[in-house]
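Next up, my_file_7.cif (mmCIF, C-alpha atoms and all ligand atoms):
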```cif
data_upload
#
loop_
_atom_site.label_atom_id
_atom_site.label_comp_id
_atom_site.auth_asym_id
_atom_site.auth_seq_id
_atom_site.Cartn_x
_atom_site.Cartn_y
_atom_site.Cartn_z
CA MET A 259 181.97 -113.54 85.00
CA ILE A 260 182.27 -111.11 82.10
CA ASP A 261 183.83 -107.68 82.59
CA LEU A 262 184.54 -105.50 79.56
CA HIS A 263 185.87 -102.30 81.16
CA MET A 264 189.03 -102.19 83.30
CA HIS A 265 192.27 -100.22 83.64
CA SER A 266 195.91 -101.12 84.27
CA THR A 267 199.16 -99.23 84.81
CA ALA A 268 199.24 -98.69 81.03
CA SER A 269 196.84 -95.82 81.83
CA ASP A 270 195.44 -94.77 85.22
CA GLY A 271 195.01 -98.16 86.89
CA THR A 272 197.33 -99.19 89.71
CA LEU A 273 197.77 -102.89 88.81
CA SER A 274 199.99 -104.15 86.01
CA PRO A 275 198.11 -106.04 83.28
CA THR A 276 199.43 -109.31 84.72
CA ALA A 277 198.35 -108.46 88.28
CA LEU A 278 194.95 -107.41 86.97
CA VAL A 279 194.49 -110.75 85.20
CA GLU A 280 195.44 -112.57 88.42
CA LEU A 281 192.85 -110.57 90.33
CA ASN A 282 190.28 -111.45 87.67
CA LEU A 283 191.12 -115.11 88.03
CA ASN A 284 190.45 -114.89 91.78
CA SER A 285 187.28 -112.91 91.11
CA GLN A 286 185.81 -115.60 88.80
CA VAL A 287 186.02 -113.37 85.73
CA LYS A 288 186.01 -115.64 82.67
CA VAL A 289 185.98 -113.00 79.93
CA MET A 290 187.79 -109.69 80.24
CA ALA A 291 188.70 -106.65 78.19
CA LEU A 292 191.49 -104.32 79.27
CA THR A 293 190.26 -100.86 78.27
CA ASP A 294 193.01 -98.42 79.16
CA HIS A 295 192.54 -94.76 78.24
CA ASP A 296 193.93 -93.87 74.81
CA THR A 297 196.57 -96.62 74.60
CA LEU A 298 197.01 -100.24 73.56
CA ASP A 299 200.25 -100.58 75.53
CA GLY A 300 198.90 -103.09 78.07
CA GLN A 301 197.14 -105.36 75.57
CA GLN A 302 199.91 -107.84 74.79
CA GLU A 303 200.85 -108.45 78.39
CA ALA A 304 197.20 -108.88 79.40
CA GLU A 305 196.53 -111.24 76.53
CA GLN A 306 199.50 -113.39 77.41
CA ALA A 307 198.53 -113.55 81.08
CA CYS A 308 194.95 -114.43 80.12
CA ARG A 309 196.20 -117.24 77.91
CA GLN A 310 198.18 -118.65 80.84
CA GLN A 311 195.24 -118.39 83.24
CA GLY A 312 192.53 -119.63 80.90
CA ILE A 313 190.61 -116.35 80.76
CA HIS A 314 189.10 -115.18 77.46
CA PHE A 315 190.80 -111.94 76.47
CA ILE A 316 189.05 -109.29 74.38
CA ASN A 317 191.06 -106.42 72.87
CA GLY A 318 189.95 -103.11 74.37
CA VAL A 319 190.54 -99.38 74.66
CA GLU A 320 188.69 -96.38 76.12
CA LEU A 321 188.94 -93.41 73.78
CA SER A 322 188.58 -89.77 74.87
CA VAL A 323 186.33 -88.08 72.31
CA SER A 324 184.44 -84.84 71.79
CA TRP A 325 181.08 -84.15 70.26
CA ASN A 326 179.58 -80.65 70.22
CA LYS A 327 181.90 -79.47 72.99
CA HIS A 328 180.87 -82.39 75.18
CA GLN A 329 183.37 -85.01 76.19
CA PHE A 330 182.54 -88.71 76.03
CA HIS A 331 184.34 -91.98 76.56
CA ILE A 332 183.95 -94.56 73.80
CA LEU A 333 185.10 -98.11 74.42
CA GLY A 334 186.48 -100.08 71.51
CA LEU A 335 186.07 -103.84 71.98
CA ASN A 336 187.16 -106.93 70.08
CA PHE A 337 189.04 -105.12 67.29
CA ASP A 338 192.12 -106.11 65.36
CA GLY A 339 194.94 -104.68 67.46
CA ALA A 340 197.22 -104.43 64.42
CA ASN A 341 194.85 -102.14 62.50
CA ASN A 342 196.72 -99.01 61.42
CA VAL A 343 193.72 -96.70 61.16
CA LEU A 344 192.87 -97.33 64.80
CA LYS A 345 196.51 -97.20 65.93
CA GLN A 346 197.02 -93.84 64.21
CA GLY A 347 193.79 -92.51 65.67
CA ILE A 348 194.93 -93.47 69.16
CA GLN A 349 198.27 -91.80 68.47
CA GLN A 350 196.40 -88.61 67.57
CA ILE A 351 194.49 -88.65 70.87
CA ARG A 352 197.69 -89.39 72.72
CA GLN A 353 199.23 -86.20 71.34
CA ILE A 354 196.24 -84.15 72.47
CA ARG A 355 196.56 -85.76 75.91
CA ASP A 356 200.30 -85.07 76.18
CA GLU A 357 199.75 -81.39 75.33
CA ARG A 358 196.96 -81.21 77.92
CA THR A 359 199.26 -82.78 80.53
CA LEU A 360 201.70 -79.86 80.17
CA LYS A 361 198.84 -77.37 80.57
CA ILE A 362 197.48 -79.10 83.68
CA ALA A 363 200.95 -78.96 85.25
CA ALA A 364 201.30 -75.27 84.36
CA ARG A 365 197.96 -74.52 85.98
CA LEU A 366 198.92 -76.40 89.13
CA THR A 367 202.15 -74.40 89.26
CA ARG A 368 200.07 -71.24 89.04
CA ALA A 369 197.97 -72.59 91.92
CA GLY A 370 201.19 -72.83 93.92
CA ILE A 371 201.94 -76.55 93.61
CA GLU A 372 205.40 -77.33 92.28
CA ASN A 373 206.86 -80.17 90.23
CA THR A 374 203.58 -81.78 89.28
CA LEU A 375 204.72 -82.68 85.76
CA GLN A 376 207.62 -84.68 87.06
CA GLY A 377 205.60 -86.09 89.96
CA ALA A 378 202.66 -87.24 87.84
CA SER A 379 204.95 -88.61 85.12
CA GLU A 380 206.89 -90.66 87.67
CA LEU A 381 203.66 -92.06 89.10
CA ALA A 382 202.64 -92.94 85.53
CA GLY A 383 205.85 -94.96 85.26
CA GLY A 384 206.83 -93.20 82.04
CA GLY A 385 203.53 -94.19 80.41
CA LEU A 386 200.43 -92.23 79.62
CA VAL A 387 199.59 -89.48 82.14
CA ALA A 388 195.98 -89.05 83.21
CA ARG A 389 194.41 -86.82 85.84
CA PRO A 390 194.46 -89.55 88.54
CA HIS A 391 198.28 -89.41 88.38
CA PHE A 392 198.14 -85.72 89.27
CA ALA A 393 195.61 -86.54 92.00
CA ARG A 394 197.93 -89.22 93.42
CA TYR A 395 200.87 -86.84 93.38
CA LEU A 396 198.88 -84.18 95.23
CA LEU A 397 197.91 -86.83 97.77
CA GLN A 398 201.52 -87.98 98.10
CA GLN A 399 202.64 -84.38 98.70
CA GLY A 400 200.01 -83.87 101.37
CA VAL A 401 198.27 -81.12 99.38
CA VAL A 402 195.02 -83.10 99.66
CA LYS A 403 193.84 -85.92 101.93
CA THR A 404 192.23 -88.08 99.21
CA GLU A 405 192.41 -88.43 95.43
CA GLN A 406 188.79 -87.37 95.30
CA GLU A 407 189.66 -84.12 97.05
CA ALA A 408 192.28 -83.43 94.38
CA PHE A 409 189.56 -83.70 91.73
CA ASP A 410 187.09 -81.67 93.74
CA ARG A 411 189.51 -78.83 94.49
CA TYR A 412 191.77 -78.75 91.42
CA LEU A 413 191.19 -81.19 88.59
CA LYS A 414 187.53 -81.44 87.71
CA GLN A 415 185.60 -79.17 85.38
CA GLY A 416 185.30 -75.66 86.78
CA LYS A 417 188.39 -76.02 89.02
CA PRO A 418 191.71 -74.19 88.53
CA ALA A 419 193.69 -77.00 86.90
CA PHE A 420 190.94 -78.21 84.57
CA VAL A 421 191.96 -77.79 80.93
CA PRO A 422 189.10 -77.70 78.42
CA THR A 423 190.19 -80.05 75.65
CA VAL A 424 188.99 -80.88 72.17
CA TRP A 425 189.57 -84.62 71.84
CA ALA A 426 189.09 -86.80 68.77
CA ASP A 427 185.81 -86.32 66.94
CA MET A 428 183.31 -88.86 68.30
CA GLN A 429 182.01 -90.09 64.96
CA GLN A 430 185.54 -90.44 63.63
CA ALA A 431 186.62 -92.46 66.66
CA VAL A 432 183.66 -94.79 66.19
CA GLU A 433 184.77 -95.30 62.59
CA TRP A 434 188.34 -96.11 63.63
CA ILE A 435 186.98 -98.83 65.89
CA THR A 436 184.55 -100.30 63.37
CA GLN A 437 187.15 -100.19 60.58
CA ALA A 438 189.35 -102.28 62.83
CA GLY A 439 186.50 -104.81 63.05
CA GLY A 440 185.55 -103.84 66.60
CA ASP A 441 182.44 -102.77 68.46
CA ALA A 442 182.13 -99.18 69.71
CA VAL A 443 180.42 -98.83 73.08
CA LEU A 444 179.38 -95.61 74.81
CA ALA A 445 180.89 -95.95 78.30
CA HIS A 446 179.00 -95.06 81.52
CA PRO A 447 176.13 -93.20 79.77
CA LEU A 448 174.82 -91.58 82.94
CA ARG A 449 178.11 -90.06 84.05
CA TYR A 450 178.06 -87.17 81.56
CA LYS A 451 176.54 -83.97 82.78
CA LEU A 452 174.08 -83.70 79.92
CA THR A 453 170.36 -83.12 79.69
CA GLY A 454 168.32 -86.05 78.40
CA ALA A 455 167.77 -84.24 75.10
CA TRP A 456 171.50 -83.77 74.49
CA LEU A 457 172.27 -87.33 75.46
CA ARG A 458 169.63 -88.56 72.99
CA ARG A 459 171.16 -86.40 70.26
CA ALA A 460 174.62 -87.72 71.08
CA LEU A 461 173.30 -91.28 70.95
CA ASP A 462 171.72 -90.63 67.56
CA ALA A 463 175.09 -89.40 66.25
CA PHE A 464 176.87 -92.34 67.86
CA ARG A 465 174.52 -94.87 66.35
CA GLU A 466 174.60 -93.12 62.96
CA ALA A 467 178.41 -93.37 62.96
CA GLY A 468 178.23 -97.11 63.52
CA GLY A 469 178.21 -97.40 67.32
CA SER A 470 177.14 -100.86 68.58
CA ALA A 471 176.26 -100.61 72.22
CA ILE A 472 175.82 -98.71 75.46
CA GLU A 473 177.41 -99.74 78.72
CA VAL A 474 174.14 -100.67 80.41
CA VAL A 475 175.70 -102.16 83.53
CA CYS A 476 178.61 -100.27 85.13
CA GLY A 477 180.49 -100.92 88.35
CA GLN A 478 178.18 -99.13 90.73
CA SER A 479 174.95 -99.07 88.74
CA THR A 480 171.73 -99.13 90.75
CA HIS A 481 168.69 -100.98 89.42
CA ALA A 482 167.17 -97.65 88.40
CA GLU A 483 170.31 -96.68 86.47
CA ILE A 484 170.41 -100.03 84.70
CA ARG A 485 166.79 -99.61 83.71
CA GLN A 486 167.43 -96.08 82.47
CA SER A 487 170.49 -97.11 80.43
CA ALA A 488 168.59 -100.09 79.03
CA ASP A 489 165.83 -97.70 77.93
CA PHE A 490 168.41 -95.65 76.06
CA ALA A 491 169.77 -98.79 74.41
CA GLU A 492 166.31 -99.89 73.34
CA ARG A 493 165.26 -96.50 72.02
CA HIS A 494 168.44 -96.16 69.95
CA GLN A 495 168.56 -99.82 68.90
CA LEU A 496 171.89 -100.37 70.58
CA ARG A 497 173.19 -103.48 72.29
CA GLY A 498 174.28 -103.58 75.92
CA SER A 499 177.71 -103.95 77.50
CA VAL A 500 178.85 -104.64 81.06
CA GLY A 501 181.97 -103.33 82.75
CA SER A 502 183.22 -102.47 86.22
CA ASP A 503 185.59 -99.61 85.23
CA PHE A 504 187.98 -101.13 87.75
CA HIS A 505 191.05 -98.95 88.43
CA SER A 506 192.55 -100.01 91.73
CA PRO A 507 192.06 -102.31 94.73
CA ALA A 508 192.31 -99.10 96.77
CA TYR A 509 188.91 -98.05 95.41
CA GLN A 510 187.11 -100.65 97.47
CA TRP A 511 183.67 -99.82 96.14
CA VAL A 512 184.47 -101.28 92.68
CA LYS A 513 185.51 -104.89 92.22
CA PRO A 514 186.23 -106.71 88.95
CA GLY A 515 183.38 -108.80 87.62
CA ARG A 516 180.96 -107.85 90.36
CA LEU A 517 178.23 -106.78 87.98
CA ALA A 518 174.50 -107.18 87.64
CA HIS A 519 173.26 -109.07 84.57
CA LEU A 520 171.97 -107.30 81.51
CA PRO A 521 168.18 -107.00 81.40
CA LYS A 522 166.83 -109.93 79.37
CA HIS A 523 165.44 -107.81 76.54
CA ILE A 524 168.84 -106.23 75.82
CA GLU A 525 171.09 -107.96 73.28
CA PRO A 526 174.64 -108.24 74.62
CA VAL A 527 177.47 -106.55 72.74
CA TRP A 528 179.03 -110.03 72.45
CA GLN A 529 175.99 -111.34 70.51
CA ASP A 530 178.15 -111.95 67.41
CA TRP A 531 181.35 -112.95 69.22
CA THR A 532 180.76 -116.62 68.50
CA GLU A 533 183.61 -118.00 70.56
CA ILE A 534 182.52 -116.06 73.64
CA ARG A 535 178.83 -116.82 73.19
CA ASN A 536 179.59 -120.52 72.94
CA SER A 537 181.88 -120.63 75.91
CA ILE A 538 179.96 -118.78 78.61
CA GLU A 539 176.55 -119.29 80.12
CA TYR A 540 174.89 -115.94 80.39
CA PRO A 541 171.24 -115.64 81.44
CA GLN A 542 169.33 -114.45 78.40
P1 LIG A 601 191.68 -88.06 82.10
O1 LIG A 601 191.31 -89.01 81.00
O2 LIG A 601 193.13 -87.83 82.20
O3 LIG A 601 190.87 -86.79 82.02
O4 LIG A 601 191.28 -88.76 83.45
C1 LIG A 601 190.00 -89.30 83.53
C2 LIG A 601 189.97 -90.27 84.69
O5 LIG A 601 190.01 -89.54 85.91
C3 LIG A 601 188.67 -91.07 84.74
O6 LIG A 601 188.76 -92.22 83.96
C4 LIG A 601 188.61 -91.40 86.21
O7 LIG A 601 189.50 -92.46 86.47
C5 LIG A 601 189.15 -90.14 86.87
N1 LIG A 601 188.12 -89.11 87.16
C6 LIG A 601 187.53 -88.29 86.28
N2 LIG A 601 186.70 -87.43 86.91
C7 LIG A 601 186.78 -87.71 88.22
C8 LIG A 601 186.16 -87.18 89.38
N3 LIG A 601 185.29 -86.15 89.32
N4 LIG A 601 186.48 -87.72 90.56
C9 LIG A 601 187.37 -88.73 90.63
N5 LIG A 601 187.99 -89.30 89.58
C10 LIG A 601 187.69 -88.79 88.38
MN MN A 602 190.25 -93.64 84.45
MN MN A 603 185.53 -93.39 81.43
MN MN A 604 187.25 -96.35 82.34
#
```

For the file at hand, write its structure as C-alpha cells.
Ligand code: AMP
Ligand code: MN
Ligand code: MN
Ligand code: MN
Amino acid sequence: MIDLHMHSTASDGTLSPTALVELNLNSQVKVMALTDHDTLDGQQEAEQACRQQGIHFINGVELSVSWNKHQFHILGLNFDGANNVLKQGIQQIRQIRDERTLKIAARLTRAGIENTLQGASELAGGGLVARPHFARYLLQQGVVKTEQEAFDRYLKQGKPAFVPTVWADMQQAVEWITQAGGDAVLAHPLRYKLTGAWLRRALDAFREAGGSAIEVVCGQSTHAEIRQSADFAERHQLRGSVGSDFHSPAYQWVKPGRLAHLPKHIEPVWQDWTEIRNSIEYPQ
C-alpha cells in the first residue's frame, strides 16, 4: 500500500504520471512517490492525479551521484519541490547526463549503429534521455531482441557504449535533499557491485552527510536480501524505505506496491511524516 520508488515518462518509465497514478489506484497503493531520474518534471502532474484519486503523494526524485569513483542512486523524498538549492543541483546533474547522452550516441555510431541520438531522444519524448531509451531504440531497430540484451551487449559497464561518468558528489546531493527538507535514501543497496567493506564506507559517508534511510525492501527483494539490507540499516542507524522501482507494465516481474513489509525492528523513513503515519496502517 506504500510505494516510494517509481518512474514515469518524465525519465525512463513508459507510463505518463497520470497513467502511473491510475495503475497505483488499481494496485491498492495508498501512498506513492514518483522518483524519476534527475528530474522533477513529472511531479506536478502526478500530484494532481493523486489528489483526484485520493492517493497520498510524496515528492520524489532519484539522483545519480558519485562517491570515490562508484556510482550510487540516492532517492530524495518528501522535500519542498520549490527549493532552489535542490532544483539547481538537479539541473547540474541534468547537464552531466545530457553530455553523457551525446557520448553514448557517438560510441554506438562507432559500434556501427546509426541515428541513436535522434532515436533515443524521440523515445524520450523530448524529455530526459536515459540508457533504457537507447535500449528501446536498439530493440526497435532489431539490433537486439530484448532491452536487456542491449544492456548486456552495449550499454552496461565494460561494454562499448558505456560512458564512465562523474555525477554529482554524493554528500553534496544528500545536502541538497536535506536542505529542501527532504529525506535522502540510498536506493537498492545490494545492486551496486561493491565489496561489503566499500559499501559500509559509503554508508558511513552517506549517514555523515545527513542521509536518513536505506531502501530495505525493493521490488524483487528476497527474504535474505531484506534481512541483509535491514542489517545495514541497523548498523548505520538508518531508517528503512520501501519501493518497487517500477518502470513499465512490460517488465512483468515488477508491479507497483507489491512489496514485503519492513522488518519490525526497522524504523520507516516516514516515521516523522505525521500525516502519512496517521493515515495508513502499517504493521510495526
Ligand atoms: P541511466 O541513469 O541513464 O544510466 O540509466 C539507468 C537505468 O537503466 C536504471 O534505472 C535502469 O532502469 C536501467 N538499467 C541500468 N542497468 C541496467 C542493466 N544492467 N540491465 C537493464 N537495465 C538497466
Ligand atoms: Mn531507471
Ligand atoms: Mn536506481
Ligand atoms: Mn529507480

Protein, DNA and RNA residues within 12 Å of (184.0, -104.6, 90.2), all atoms listed in the file, as a PyMOL selection string: chain A and resi 259-265+278+281-282+285-287+290+475-479+500-518

Surrounding residues as a ChimeraX atom specification, ligand LIG 601 (chain A), max 8 Å, only C-alpha atoms and all ligand atoms: /A:270-271,295,322,355,387-390,405-406,409-410,413-414,505

For atom CA of A:Arg493 and atom CA of A:Ala467, the interatomic separation in Å (one decimal):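 Spanning atom CA of A:Arg493 to atom CA of A:Ala467 is a straight-line distance of 16.3 Å.
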
Residue contacts of A:Leu457 (12 Å, all atoms listed in the file) excluding same-chain residues fewer than 2 positions away, as a ChimeraX atom specification: /A:325-326,328-330,444,446-455,459-464,472,487,490-491,494

Selected residue, from A:Lys417, A:Gln399, A:Phe337, A:Gly318, that lies nearest to A:Arg365 when counting all atoms listed in the file: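 Looking at the shortest contact to A:Arg365, the residue is A:Lys417.
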
Within 7 Å of ligand MN 603 (chain A), counting all atoms listed in the file, residues as a PyMOL selection string: chain A and resi 320+331+445-446

A:Leu335, A:Ala304, A:Val279, A:Leu386 ranked by distance to ligand MN 602 (chain A), top pick (using only C-alpha atoms and all ligand atoms):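 The shortest atom-to-atom distance to ligand MN 602 (chain A) comes from A:Leu386.
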
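Between atom CA of A:Trp531 and atom CA of A:Asp338 lies a distance of 13.3 Å.
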
Show which residues sit within 8 Å of stretch 299-303 of chain A, as a PDB file with C-alpha atoms, keeping the file's coordinate frame. Count all atoms listed in the file, and ignore same-chain residues fewer than 3 positions away.
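Printed below is out_0.pdb as written:
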```
ATOM      1  CA  SER A 266     195.910-101.120  84.270  1.00  0.00           C
ATOM      2  CA  THR A 267     199.160 -99.230  84.810  1.00  0.00           C
ATOM      3  CA  ALA A 268     199.240 -98.690  81.030  1.00  0.00           C
ATOM      4  CA  PRO A 275     198.110-106.040  83.280  1.00  0.00           C
ATOM      5  CA  THR A 276     199.430-109.310  84.720  1.00  0.00           C
ATOM      6  CA  LEU A 292     191.490-104.320  79.270  1.00  0.00           C
ATOM      7  CA  ASP A 294     193.010 -98.420  79.160  1.00  0.00           C
ATOM      8  CA  GLN A 306     199.500-113.390  77.410  1.00  0.00           C
ATOM      9  CA  ALA A 307     198.530-113.550  81.080  1.00  0.00           C
ATOM     10  CA  ASN A 317     191.060-106.420  72.870  1.00  0.00           C
ATOM     11  CA  GLY A 318     189.950-103.110  74.370  1.00  0.00           C
TER      12      GLY A 318
END
```

Distance criterion (only C-alpha atoms): nearest to A:Tyr395 out of A:Arg465, A:Gly439, A:Ala363, A:Pro422: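 Checking each of A:Arg465, A:Gly439, A:Ala363, A:Pro422 against A:Tyr395, counting only C-alpha atoms, the winner is A:Ala363.
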
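Interatomic distance, atom CA of A:Gly370 against atom CA of A:Thr423: 22.5 Å.
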
Selected residue, from A:Asp296, A:Gly468, A:Leu520, A:Leu397, that lies nearest to A:Asp489 when counting only C-alpha atoms: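 The shortest atom-to-atom distance to A:Asp489 comes from A:Leu520.
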
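When all atoms listed in the file are used to measure the gap to ligand MN 602 (chain A), the shortest distance among A:Ala393, A:Trp434, A:Lys288, A:Glu357 belongs to A:Ala393.
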
Selection: 9 Å around A:Ala369, only C-alpha atoms, excl. self and same-chain fewer than 6 positions, as JSON, numbers by chain: {"A": [412, 418, 419]}

Could those residues be written to a file, using C-alpha atoms, as a PDB file, in the coordinates of the input?
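And here is the file that came out, part_26.pdb:
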```pdb
ATOM      1  CA  TYR A 412     191.770 -78.750  91.420  1.00  0.00           C
ATOM      2  CA  PRO A 418     191.710 -74.190  88.530  1.00  0.00           C
ATOM      3  CA  ALA A 419     193.690 -77.000  86.900  1.00  0.00           C
TER       4      ALA A 419
END
```

Given all atoms listed in the file as the counted atoms, nearest of A:Ile435, A:Val319, A:Val289, A:Leu360 to ligand MN 602 (chain A):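 Using all atoms listed in the file, ligand MN 602 (chain A) sits closest to A:Val319.
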
Residues within 7 Å of (182.1, -99.2, 69.5), counting all atoms listed in the file, listed as number ranges by chain: A: 332-335, 432, 435-436, 440-444, 469-471

Residues near A:Glu492, cut-off 10 Å, all atoms listed in the file, skip fewer than 6 positions along chain, as a VMD selection string: chain A and resid 472 486 498 523 to 525

Please, could N, CA and C atoms be added to stretch 422-437 of chain A and the result written as a CSV table (one decimal), keeping the file's coordinate frame?
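Dumped to part23.csv:
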```
chain,number,residue,atom,x,y,z
A,422,PRO,N,190.1,-77.3,79.4
A,422,PRO,CA,189.1,-77.7,78.4
A,422,PRO,C,189.8,-78.2,77.2
A,423,THR,N,189.4,-79.4,76.7
A,423,THR,CA,190.2,-80.0,75.6
A,423,THR,C,189.3,-80.5,74.5
A,424,VAL,N,189.7,-80.3,73.3
A,424,VAL,CA,189.0,-80.9,72.2
A,424,VAL,C,189.7,-82.2,71.8
A,425,TRP,N,189.0,-83.3,72.1
A,425,TRP,CA,189.6,-84.6,71.8
A,425,TRP,C,189.2,-85.0,70.4
A,426,ALA,N,189.4,-86.3,70.1
A,426,ALA,CA,189.1,-86.8,68.8
A,426,ALA,C,187.6,-86.6,68.5
A,427,ASP,N,187.2,-86.4,67.3
A,427,ASP,CA,185.8,-86.3,66.9
A,427,ASP,C,185.1,-87.7,67.2
A,428,MET,N,184.0,-87.6,67.9
A,428,MET,CA,183.3,-88.9,68.3
A,428,MET,C,183.0,-89.8,67.1
A,429,GLN,N,182.4,-89.2,66.1
A,429,GLN,CA,182.0,-90.1,65.0
A,429,GLN,C,183.2,-90.7,64.3
A,430,GLN,N,184.3,-89.9,64.2
A,430,GLN,CA,185.5,-90.4,63.6
A,430,GLN,C,186.1,-91.6,64.5
A,431,ALA,N,186.1,-91.4,65.8
A,431,ALA,CA,186.6,-92.5,66.7
A,431,ALA,C,185.8,-93.7,66.5
A,432,VAL,N,184.5,-93.6,66.4
A,432,VAL,CA,183.7,-94.8,66.2
A,432,VAL,C,184.1,-95.5,64.9
A,433,GLU,N,184.4,-94.7,63.9
A,433,GLU,CA,184.8,-95.3,62.6
A,433,GLU,C,186.1,-96.0,62.7
A,434,TRP,N,187.1,-95.4,63.4
A,434,TRP,CA,188.3,-96.1,63.6
A,434,TRP,C,188.1,-97.5,64.2
A,435,ILE,N,187.2,-97.6,65.2
A,435,ILE,CA,187.0,-98.8,65.9
A,435,ILE,C,186.3,-99.8,64.9
A,436,THR,N,185.3,-99.4,64.2
A,436,THR,CA,184.6,-100.3,63.4
A,436,THR,C,185.4,-100.7,62.2
A,437,GLN,N,186.2,-99.8,61.7
A,437,GLN,CA,187.2,-100.2,60.6
A,437,GLN,C,188.1,-101.3,61.0
```
